[in-house]
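Reproduced below: final-v3.pdb, with PDB, C-alpha atoms, pLDDT in the B column.
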ATOM      1  CA  CYS A   1       0.000   0.000   0.000  1.00 79.00           C
ATOM      2  CA  ALA A   2       1.487   3.326  -1.052  1.00 89.00           C
ATOM      3  CA  ALA A   3      -0.373   5.273   1.623  1.00 95.00           C
ATOM      4  CA  TYR A   4       0.476   5.320   5.320  1.00 96.00           C
ATOM      5  CA  ALA A   5      -2.112   2.704   6.250  1.00 96.00           C
ATOM      6  CA  THR A   6      -1.621  -0.480   8.304  1.00 96.00           C
ATOM      7  CA  ALA A   7       1.101  -2.129   6.202  1.00 96.00           C
ATOM      8  CA  SER A   8       3.252   0.988   5.929  1.00 97.00           C
ATOM      9  CA  THR A   9       2.623   1.808   9.592  1.00 98.00           C
ATOM     10  CA  MET A  10       3.912  -1.600  10.662  1.00 98.00           C
ATOM     11  CA  ALA A  11       6.953  -1.221   8.405  1.00 97.00           C
ATOM     12  CA  THR A  12       7.869   1.954  10.292  1.00 98.00           C
ATOM     13  CA  VAL A  13       7.048   0.236  13.603  1.00 98.00           C
ATOM     14  CA  VAL A  14       9.499  -2.592  12.902  1.00 98.00           C
ATOM     15  CA  GLU A  15      12.176  -0.047  12.013  1.00 98.00           C
ATOM     16  CA  ALA A  16      11.453   2.068  15.094  1.00 98.00           C
ATOM     17  CA  LEU A  17      11.614  -1.050  17.283  1.00 98.00           C
ATOM     18  CA  GLY A  18      15.145  -1.628  16.049  1.00 98.00           C
ATOM     19  CA  MET A  19      14.237  -4.821  14.201  1.00 98.00           C
ATOM     20  CA  ALA A  20      14.898  -3.518  10.676  1.00 98.00           C
ATOM     21  CA  VAL A  21      17.795  -1.831   8.927  1.00 98.00           C
ATOM     22  CA  PRO A  22      17.482   1.979   9.196  1.00 98.00           C
ATOM     23  CA  GLY A  23      15.712   3.483   6.209  1.00 97.00           C
ATOM     24  CA  SER A  24      14.269   0.191   4.964  1.00 97.00           C
ATOM     25  CA  ALA A  25      10.601   0.963   5.649  1.00 97.00           C
ATOM     26  CA  SER A  26      10.190   3.521   2.872  1.00 96.00           C
ATOM     27  CA  VAL A  27      12.363   2.220   0.020  1.00 95.00           C
ATOM     28  CA  THR A  28      10.111   1.019  -2.787  1.00 94.00           C
ATOM     29  CA  ALA A  29      10.635  -2.265  -4.669  1.00 93.00           C
ATOM     30  CA  SER A  30      10.437  -0.432  -7.997  1.00 94.00           C
ATOM     31  CA  THR A  31      10.218   3.142  -9.239  1.00 90.00           C
ATOM     32  CA  VAL A  32       7.622   5.090 -11.207  1.00 87.00           C
ATOM     33  CA  GLU A  33      10.109   5.441 -14.059  1.00 90.00           C
ATOM     34  CA  GLN A  34      10.846   1.673 -14.169  1.00 92.00           C
ATOM     35  CA  PRO A  35       7.887  -0.135 -12.595  1.00 92.00           C
ATOM     36  CA  ARG A  36       8.994  -3.589 -13.836  1.00 94.00           C
ATOM     37  CA  THR A  37      12.593  -3.284 -12.673  1.00 96.00           C
ATOM     38  CA  LEU A  38      13.854  -3.681  -9.125  1.00 95.00           C
ATOM     39  CA  ASN A  39      14.848  -0.408  -7.539  1.00 95.00           C
ATOM     40  CA  PRO A  40      18.685  -0.333  -7.293  1.00 95.00           C
ATOM     41  CA  LYS A  41      18.333   1.162  -3.808  1.00 95.00           C
ATOM     42  CA  LYS A  42      16.257  -1.846  -2.743  1.00 96.00           C
ATOM     43  CA  ILE A  43      18.846  -4.244  -4.158  1.00 97.00           C
ATOM     44  CA  GLU A  44      21.623  -2.529  -2.185  1.00 97.00           C
ATOM     45  CA  GLN A  45      19.444  -2.533   0.878  1.00 96.00           C
ATOM     46  CA  CYS A  46      18.829  -6.279   0.565  1.00 97.00           C
ATOM     47  CA  LYS A  47      22.580  -6.822   0.579  1.00 98.00           C
ATOM     48  CA  VAL A  48      22.874  -4.798   3.777  1.00 98.00           C
ATOM     49  CA  ILE A  49      20.005  -6.768   5.315  1.00 97.00           C
ATOM     50  CA  ALA A  50      21.719 -10.094   4.467  1.00 98.00           C
ATOM     51  CA  GLN A  51      24.928  -8.879   6.110  1.00 98.00           C
ATOM     52  CA  THR A  52      22.919  -7.711   9.128  1.00 98.00           C
ATOM     53  CA  VAL A  53      21.250 -11.128   9.522  1.00 98.00           C
ATOM     54  CA  LEU A  54      24.657 -12.831   9.459  1.00 98.00           C
ATOM     55  CA  HIS A  55      25.996 -10.370  12.025  1.00 97.00           C
ATOM     56  CA  CYS A  56      23.070 -11.113  14.339  1.00 98.00           C
ATOM     57  CA  LEU A  57      23.696 -14.863  14.000  1.00 98.00           C
ATOM     58  CA  GLN A  58      27.420 -14.494  14.619  1.00 98.00           C
ATOM     59  CA  THR A  59      27.036 -12.245  17.654  1.00 98.00           C
ATOM     60  CA  GLY A  60      23.951 -13.889  19.171  1.00 98.00           C
ATOM     61  CA  LEU A  61      21.917 -10.722  18.873  1.00 98.00           C
ATOM     62  CA  THR A  62      18.315 -11.926  19.164  1.00 98.00           C
ATOM     63  CA  ALA A  63      14.934 -10.227  19.016  1.00 97.00           C
ATOM     64  CA  ARG A  64      14.452 -10.512  22.779  1.00 96.00           C
ATOM     65  CA  LYS A  65      17.655  -8.527  23.328  1.00 97.00           C
ATOM     66  CA  ILE A  66      16.292  -5.750  21.121  1.00 98.00           C
ATOM     67  CA  LEU A  67      12.598  -5.688  22.012  1.00 98.00           C
ATOM     68  CA  THR A  68      12.275  -3.928  25.359  1.00 98.00           C
ATOM     69  CA  LYS A  69       9.588  -1.706  26.800  1.00 98.00           C
ATOM     70  CA  GLN A  70      11.710   1.290  25.804  1.00 98.00           C
ATOM     71  CA  SER A  71      11.878   0.131  22.174  1.00 98.00           C
ATOM     72  CA  PHE A  72       8.086  -0.262  22.131  1.00 98.00           C
ATOM     73  CA  GLU A  73       7.767   3.261  23.489  1.00 98.00           C
ATOM     74  CA  ASN A  74       9.985   4.469  20.628  1.00 98.00           C
ATOM     75  CA  ALA A  75       7.638   2.757  18.179  1.00 98.00           C
ATOM     76  CA  ILE A  76       4.632   4.522  19.701  1.00 98.00           C
ATOM     77  CA  ALA A  77       6.372   7.879  19.320  1.00 98.00           C
ATOM     78  CA  VAL A  78       7.062   7.250  15.624  1.00 98.00           C
ATOM     79  CA  VAL A  79       3.490   6.059  14.965  1.00 98.00           C
ATOM     80  CA  TYR A  80       2.015   9.175  16.555  1.00 98.00           C
ATOM     81  CA  ALA A  81       4.460  11.493  14.784  1.00 98.00           C
ATOM     82  CA  LEU A  82       3.670  10.009  11.377  1.00 98.00           C
ATOM     83  CA  GLY A  83      -0.062   9.524  11.928  1.00 97.00           C
ATOM     84  CA  GLY A  84      -0.108   5.733  11.828  1.00 97.00           C
ATOM     85  CA  SER A  85      -2.929   3.227  11.740  1.00 96.00           C
ATOM     86  CA  THR A  86      -4.983   2.363  14.814  1.00 96.00           C
ATOM     87  CA  ASN A  87      -4.123  -1.275  14.084  1.00 96.00           C
ATOM     88  CA  SER A  88      -0.652  -0.501  15.392  1.00 97.00           C
ATOM     89  CA  VAL A  89      -2.134  -0.449  18.899  1.00 97.00           C
ATOM     90  CA  LEU A  90      -3.320  -4.053  18.561  1.00 96.00           C
ATOM     91  CA  HIS A  91      -0.123  -5.261  16.926  1.00 98.00           C
ATOM     92  CA  LEU A  92       2.244  -3.555  19.360  1.00 98.00           C
ATOM     93  CA  LEU A  93       0.332  -4.899  22.361  1.00 97.00           C
ATOM     94  CA  ALA A  94       0.409  -8.398  20.855  1.00 97.00           C
ATOM     95  CA  LEU A  95       4.142  -8.210  20.113  1.00 97.00           C
ATOM     96  CA  ALA A  96       4.905  -6.967  23.613  1.00 98.00           C
ATOM     97  CA  HIS A  97       2.849  -9.809  25.073  1.00 97.00           C
ATOM     98  CA  GLN A  98       4.805 -12.352  23.034  1.00 96.00           C
ATOM     99  CA  CYS A  99       8.016 -10.802  24.357  1.00 96.00           C
ATOM    100  CA  GLY A 100       6.775 -11.121  27.931  1.00 96.00           C
ATOM    101  CA  ILE A 101       6.583  -7.344  28.439  1.00 96.00           C
ATOM    102  CA  GLU A 102       3.351  -7.367  30.417  1.00 93.00           C
ATOM    103  CA  GLU A 103       3.861  -3.866  31.839  1.00 95.00           C
ATOM    104  CA  PHE A 104       3.305  -2.438  28.348  1.00 96.00           C
ATOM    105  CA  THR A 105      -0.383  -1.432  28.162  1.00 96.00           C
ATOM    106  CA  THR A 106      -2.827   0.877  26.403  1.00 95.00           C
ATOM    107  CA  GLU A 107      -2.049   3.513  29.027  1.00 95.00           C
ATOM    108  CA  ASP A 108       1.425   3.887  27.503  1.00 97.00           C
ATOM    109  CA  PHE A 109      -0.104   5.044  24.209  1.00 97.00           C
ATOM    110  CA  ASN A 110      -1.864   8.024  25.770  1.00 95.00           C
ATOM    111  CA  ARG A 111       1.106   8.840  28.006  1.00 97.00           C
ATOM    112  CA  ILE A 112       3.517   8.982  25.073  1.00 97.00           C
ATOM    113  CA  GLY A 113       1.060  10.213  22.450  1.00 96.00           C
ATOM    114  CA  ASP A 114       0.184  13.253  24.548  1.00 96.00           C
ATOM    115  CA  LYS A 115       3.753  14.506  23.958  1.00 97.00           C
ATOM    116  CA  ILE A 116       4.078  13.793  20.233  1.00 97.00           C
ATOM    117  CA  PRO A 117       2.795  16.210  17.569  1.00 97.00           C
ATOM    118  CA  LEU A 118       1.521  14.941  14.217  1.00 97.00           C
ATOM    119  CA  ILE A 119       4.191  15.969  11.708  1.00 98.00           C
ATOM    120  CA  SER A 120       3.451  13.943   8.577  1.00 97.00           C
ATOM    121  CA  ASN A 121       1.367  14.929   5.598  1.00 96.00           C
ATOM    122  CA  MET A 122       0.826  11.401   4.245  1.00 97.00           C
ATOM    123  CA  ARG A 123      -2.312   9.717   2.989  1.00 95.00           C
ATOM    124  CA  PRO A 124      -4.899   8.828   4.145  1.00 94.00           C
ATOM    125  CA  HIS A 125      -4.979  12.053   6.175  1.00 93.00           C
ATOM    126  CA  GLY A 126      -2.551  14.000   3.998  1.00 95.00           C
ATOM    127  CA  LYS A 127      -1.255  14.452   0.468  1.00 95.00           C
ATOM    128  CA  TYR A 128       1.897  12.357   0.150  1.00 97.00           C
ATOM    129  CA  TYR A 129       2.956   8.695   0.159  1.00 96.00           C
ATOM    130  CA  MET A 130       5.494   6.425   1.878  1.00 96.00           C
ATOM    131  CA  ALA A 131       7.848   6.722  -1.090  1.00 94.00           C
ATOM    132  CA  ASP A 132       7.838  10.492  -0.566  1.00 96.00           C
ATOM    133  CA  LEU A 133       8.927   9.941   3.027  1.00 97.00           C
ATOM    134  CA  GLY A 134      11.806   7.870   1.699  1.00 95.00           C
ATOM    135  CA  SER A 135      12.837  10.671  -0.650  1.00 94.00           C
ATOM    136  CA  VAL A 136      13.598  12.950   2.332  1.00 97.00           C
ATOM    137  CA  GLY A 137      15.397  10.309   4.394  1.00 97.00           C
ATOM    138  CA  GLY A 138      12.679   8.027   5.714  1.00 98.00           C
ATOM    139  CA  VAL A 139      12.084   6.977   9.302  1.00 98.00           C
ATOM    140  CA  PRO A 140      15.657   7.826  10.451  1.00 98.00           C
ATOM    141  CA  VAL A 141      15.035  11.526   9.749  1.00 98.00           C
ATOM    142  CA  VAL A 142      11.884  11.438  11.865  1.00 98.00           C
ATOM    143  CA  MET A 143      13.632   9.513  14.650  1.00 98.00           C
ATOM    144  CA  LYS A 144      16.537  11.965  14.597  1.00 98.00           C
ATOM    145  CA  SER A 145      14.232  14.909  15.271  1.00 97.00           C
ATOM    146  CA  LEU A 146      12.344  12.993  17.960  1.00 98.00           C
ATOM    147  CA  LEU A 147      15.612  11.985  19.626  1.00 98.00           C
ATOM    148  CA  ASP A 148      16.952  15.547  19.571  1.00 98.00           C
ATOM    149  CA  ALA A 149      13.720  16.674  21.248  1.00 98.00           C
ATOM    150  CA  GLY A 150      14.080  14.089  24.010  1.00 98.00           C
ATOM    151  CA  LEU A 151      11.105  12.079  22.762  1.00 98.00           C
ATOM    152  CA  LEU A 152      12.988   8.835  21.996  1.00 98.00           C
ATOM    153  CA  ASP A 153      15.254   6.516  23.976  1.00 98.00           C
ATOM    154  CA  GLY A 154      18.517   6.525  22.056  1.00 98.00           C
ATOM    155  CA  GLU A 155      20.069   3.719  24.112  1.00 98.00           C
ATOM    156  CA  CYS A 156      17.844   0.982  22.667  1.00 98.00           C
ATOM    157  CA  MET A 157      19.753  -1.740  20.811  1.00 98.00           C
ATOM    158  CA  THR A 158      19.005  -2.494  17.135  1.00 98.00           C
ATOM    159  CA  VAL A 159      19.715  -5.257  14.608  1.00 98.00           C
ATOM    160  CA  THR A 160      22.763  -3.362  13.363  1.00 98.00           C
ATOM    161  CA  GLY A 161      24.495  -4.025  16.669  1.00 98.00           C
ATOM    162  CA  LYS A 162      24.379  -0.300  17.359  1.00 98.00           C
ATOM    163  CA  THR A 163      22.003   1.751  19.467  1.00 98.00           C
ATOM    164  CA  VAL A 164      19.289   3.968  18.004  1.00 98.00           C
ATOM    165  CA  ALA A 165      21.408   7.045  18.750  1.00 98.00           C
ATOM    166  CA  GLU A 166      24.461   5.515  17.043  1.00 98.00           C
ATOM    167  CA  ASN A 167      22.456   4.545  13.964  1.00 98.00           C
ATOM    168  CA  ILE A 168      21.143   8.065  13.375  1.00 98.00           C
ATOM    169  CA  ALA A 169      24.123  10.073  14.627  1.00 98.00           C
ATOM    170  CA  ASP A 170      24.868  11.402  11.131  1.00 97.00           C
ATOM    171  CA  THR A 171      21.243  11.570   9.945  1.00 98.00           C
ATOM    172  CA  PRO A 172      19.944  15.034   9.043  1.00 97.00           C
ATOM    173  CA  THR A 173      17.079  16.564  10.971  1.00 95.00           C
ATOM    174  CA  ILE A 174      13.732  17.192   9.284  1.00 97.00           C
ATOM    175  CA  GLU A 175      14.653  20.843   8.823  1.00 96.00           C
ATOM    176  CA  GLU A 176      17.879  19.877   7.063  1.00 96.00           C
ATOM    177  CA  ALA A 177      16.171  17.193   4.958  1.00 97.00           C
ATOM    178  CA  LEU A 178      13.552  19.637   3.702  1.00 96.00           C
ATOM    179  CA  GLN A 179      16.288  21.964   2.445  1.00 95.00           C
ATOM    180  CA  GLN A 180      17.322  19.389  -0.164  1.00 92.00           C
ATOM    181  CA  GLU A 181      16.594  20.219  -3.782  1.00 92.00           C
ATOM    182  CA  ASN A 182      13.041  19.230  -4.810  1.00 91.00           C
ATOM    183  CA  ALA A 183      12.257  17.959  -1.304  1.00 95.00           C
ATOM    184  CA  LYS A 184       8.540  17.417  -0.748  1.00 96.00           C
ATOM    185  CA  PRO A 185       7.026  18.649   2.532  1.00 96.00           C
ATOM    186  CA  VAL A 186       5.928  15.134   3.474  1.00 97.00           C
ATOM    187  CA  VAL A 187       6.945  15.795   7.086  1.00 98.00           C
ATOM    188  CA  GLN A 188       7.072  19.027   9.043  1.00 97.00           C
ATOM    189  CA  PRO A 189       9.489  20.098  11.800  1.00 97.00           C
ATOM    190  CA  LEU A 190       8.359  19.421  15.370  1.00 97.00           C
ATOM    191  CA  SER A 191       8.261  23.189  15.864  1.00 96.00           C
ATOM    192  CA  ALA A 192       5.678  23.593  13.080  1.00 97.00           C
ATOM    193  CA  PRO A 193       3.612  20.382  13.108  1.00 97.00           C
ATOM    194  CA  VAL A 194       0.533  19.495  11.107  1.00 96.00           C
ATOM    195  CA  SER A 195      -1.286  19.216  14.434  1.00 95.00           C
ATOM    196  CA  PRO A 196      -0.241  19.629  18.093  1.00 95.00           C
ATOM    197  CA  PRO A 197       0.086  16.659  20.486  1.00 96.00           C
ATOM    198  CA  GLY A 198      -3.102  14.913  21.504  1.00 91.00           C
ATOM    199  CA  TYR A 199      -4.885  15.052  18.146  1.00 91.00           C
ATOM    200  CA  HIS A 200      -3.910  11.843  16.394  1.00 92.00           C
ATOM    201  CA  MET A 201      -4.963   8.717  18.321  1.00 94.00           C
ATOM    202  CA  ALA A 202      -6.556   8.445  21.732  1.00 92.00           C
ATOM    203  CA  ILE A 203      -7.276   5.434  23.912  1.00 94.00           C
ATOM    204  CA  LEU A 204     -10.740   5.813  25.424  1.00 92.00           C
ATOM    205  CA  THR A 205     -12.522   3.962  28.210  1.00 91.00           C
ATOM    206  CA  GLY A 206     -16.092   4.259  29.421  1.00 91.00           C
ATOM    207  CA  ASN A 207     -19.436   2.542  29.685  1.00 88.00           C
ATOM    208  CA  LEU A 208     -19.317   1.455  26.025  1.00 84.00           C
ATOM    209  CA  SER A 209     -15.749   0.126  26.282  1.00 86.00           C
ATOM    210  CA  PRO A 210     -14.743  -0.615  29.881  1.00 89.00           C
ATOM    211  CA  LEU A 211     -11.305  -1.963  28.907  1.00 89.00           C
ATOM    212  CA  SER A 212     -10.329   0.294  25.997  1.00 91.00           C
ATOM    213  CA  SER A 213     -11.177   1.581  22.553  1.00 91.00           C
ATOM    214  CA  VAL A 214      -9.162   3.513  19.977  1.00 94.00           C
ATOM    215  CA  LEU A 215     -10.170   6.839  18.434  1.00 91.00           C
ATOM    216  CA  LYS A 216      -8.325   8.258  15.426  1.00 93.00           C
ATOM    217  CA  LEU A 217      -8.466  11.989  14.838  1.00 92.00           C
ATOM    218  CA  SER A 218      -5.557  12.397  12.386  1.00 90.00           C
ATOM    219  CA  GLY A 219      -5.057  16.009  13.369  1.00 88.00           C
ATOM    220  CA  LYS A 220      -8.728  16.968  13.623  1.00 88.00           C
ATOM    221  CA  GLN A 221      -9.381  19.041  16.720  1.00 86.00           C
ATOM    222  CA  ILE A 222     -12.857  17.912  17.784  1.00 86.00           C
ATOM    223  CA  PRO A 223     -13.517  18.776  21.449  1.00 83.00           C
ATOM    224  CA  LEU A 224     -16.961  17.149  21.517  1.00 86.00           C
ATOM    225  CA  PHE A 225     -18.824  14.619  19.392  1.00 86.00           C
ATOM    226  CA  GLU A 226     -22.418  13.505  19.888  1.00 91.00           C
ATOM    227  CA  GLY A 227     -24.081  10.698  17.999  1.00 91.00           C
ATOM    228  CA  ILE A 228     -25.783   7.335  18.130  1.00 91.00           C
ATOM    229  CA  ALA A 229     -23.522   4.479  19.266  1.00 85.00           C
ATOM    230  CA  ARG A 230     -23.735   1.277  17.234  1.00 86.00           C
ATOM    231  CA  VAL A 231     -22.405  -1.478  19.480  1.00 82.00           C
ATOM    232  CA  PHE A 232     -21.232  -4.873  18.234  1.00 84.00           C
ATOM    233  CA  ASP A 233     -20.553  -7.808  20.551  1.00 84.00           C
ATOM    234  CA  CYS A 234     -18.201  -9.589  18.131  1.00 87.00           C
ATOM    235  CA  GLU A 235     -16.339  -9.037  14.863  1.00 82.00           C
ATOM    236  CA  LYS A 236     -19.084 -10.816  12.890  1.00 81.00           C
TER
END
Please go through the file and, once you have read it, give me the structure as structure tokens.
Amino acid sequence: CAAYATASTMATVVEALGMAVPGSASVTASTVEQPRTLNPKKIEQCKVIAQTVLHCLQTGLTARKILTKQSFENAIAVVYALGGSTNSVLHLLALAHQCGIEEFTTEDFNRIGDKIPLISNMRPHGKYYMADLGSVGGVPVVMKSLLDAGLLDGECMTVTGKTVAENIADTPTIEEALQQENAKPVVQPLSAPVSPPGYHMAILTGNLSPLSSVLKLSGKQIPLFEGIARVFDCEK
């Protein structure tokens, strides 16, 4: 999916968790100019990924050494900054459960999300696509700005054998990336976001959903909504 829907959201989540090579989430398999030919950037990236897998095997670097509560919190920050899918809540909770991180709950989404502004202008809520994010540096550029603002844990380990901070040490900030020739404003600086913190996703509880429910605003500032609730007892 070219838009920033569930598939693209989870690609950025895996990268933010430290489980993918930096920059891999937004590199397309082909290009508009040559749709039937593999993108040379993707080919080079696959070589790096193969080397990374071998390094993990040789050093004993496993997923459980990378996936910590702090890395999941980093993933939440990236999802909120980019305006990711509500399905990320379900998937992140499930992944954390499989890793035995039981202290990671829906409360962490509101706690972290209340600090993160929406800075992307990607579909479905915006104009641009995942490939456009890649053209300005991809997820590393976003993580660099979040780290500089104190909104990420830079000490988390990644598949490269380096920490998040080490991986993006030489990565440009969003401001610097947008100064490139022909750069598209697919992301905005934290100082001039698409929407302030608290207006992307919210975890709600109440008489209709005692445990939790997810509301997606995507930047819309709606202080009050009234309407008829249609309640379903199962997915059928």
- Task: Just give me the gap between CA of Gly150 (chain A) and CA of Val164 (chain A) in Å, one decimal is fine.
- Result: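 CA of Val164 (chain A) lies at a distance of 12.9 Å from CA of Gly150 (chain A).
In this structure, CA of Ala149 (chain A) sits 10.1 Å away from CA of Ser191 (chain A).
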- Task: Taking the file as shown, find all residues satisfying the PyMOL selection byres ((chain A and resi 195) around 7) and write them as a ChimeraX atom specification.
- Result: /A:117-119,193-194,196-197,199,219
- Suppose you want the space between CA of Val136 (chain A) and CA of Glu33 (chain A); what is it in Å? 18.4 Å
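Taking all atoms listed in the file into account, Ser85 (chain A) lies nearest to A:Met10 out of the set A:Ile101, A:Ala29, A:Met10, A:Cys156.
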- Task: Have a look at A:Ile49, A:Val186, A:Ala75, A:Cys99 and name the one nearest to Ser120 (chain A); count all atoms listed in the file.
- Result: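 Residue with the minimum atom-to-atom distance to Ser120 (chain A): A:Val186.
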- Message: Calculated over only C-alpha atoms, which of the candidates A:Leu61, A:Ile112, A:Leu190, A:Ala169 has the smallest distance to Ser145 (chain A)?
- Response: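 Answer, going by the shortest atom-to-atom distance: A:Leu190.
Residues matched by the PyMOL selection byres ((chain A and resi 52) around 12) in this structure: Met19, Ala20, Val21, Pro22, Gln45, Cys46, Lys47, Val48, Ile49, Ala50, Gln51, Val53, Leu54, His55, Cys56, Leu57, Gln58, Thr59, Gly60, Leu61, Thr62, Thr158, Val159, Thr160, Gly161 and Lys162 of chain A.
For the set A:Leu208, A:Ala94, A:Ala16, A:Met201, the residue with the smallest atom-to-atom gap to Pro140 (chain A) is A:Ala16, counting all atoms listed in the file.
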- Hits from the PyMOL selection byres ((chain A and resi 76) around 8), listed as number ranges by chain: A: 13, 72-75, 77-80, 109, 112-113
Pull C-alpha atoms from the residues just selected and write them as a PDB file, keeping the file's coordinate frame.
ATOM      1  CA  VAL A  13       7.048   0.236  13.603  1.00 98.00           C
ATOM      2  CA  PHE A  72       8.086  -0.262  22.131  1.00 98.00           C
ATOM      3  CA  GLU A  73       7.767   3.261  23.489  1.00 98.00           C
ATOM      4  CA  ASN A  74       9.985   4.469  20.628  1.00 98.00           C
ATOM      5  CA  ALA A  75       7.638   2.757  18.179  1.00 98.00           C
ATOM      6  CA  ALA A  77       6.372   7.879  19.320  1.00 98.00           C
ATOM      7  CA  VAL A  78       7.062   7.250  15.624  1.00 98.00           C
ATOM      8  CA  VAL A  79       3.490   6.059  14.965  1.00 98.00           C
ATOM      9  CA  TYR A  80       2.015   9.175  16.555  1.00 98.00           C
ATOM     10  CA  PHE A 109      -0.104   5.044  24.209  1.00 97.00           C
ATOM     11  CA  ILE A 112       3.517   8.982  25.073  1.00 97.00           C
ATOM     12  CA  GLY A 113       1.060  10.213  22.450  1.00 96.00           C
TER      13      GLY A 113
END
- Note on the structure: Pro124 (chain A) proximity check over A:Lys41, A:Arg230, A:Lys216, A:Lys236, using all atoms listed in the file: winner is A:Lys216
- Name the residues in contact with Arg64 (chain A) at a cut-off of 10 Å, using all atoms listed in the file, excluding same-chain residues fewer than 4 positions from it; report them as a count of residues only. 4
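The residue that comes closest to Asp108 (chain A), out of A:Lys69, A:Leu38, A:Ala3, A:Glu175 and on the basis of only C-alpha atoms, is A:Lys69.
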- Spatial neighbours of Val139 (chain A), max dist 7 Å, all atoms listed in the file, sep filter under 4 positions, as a ChimeraX atom specification: /A:12,23,143
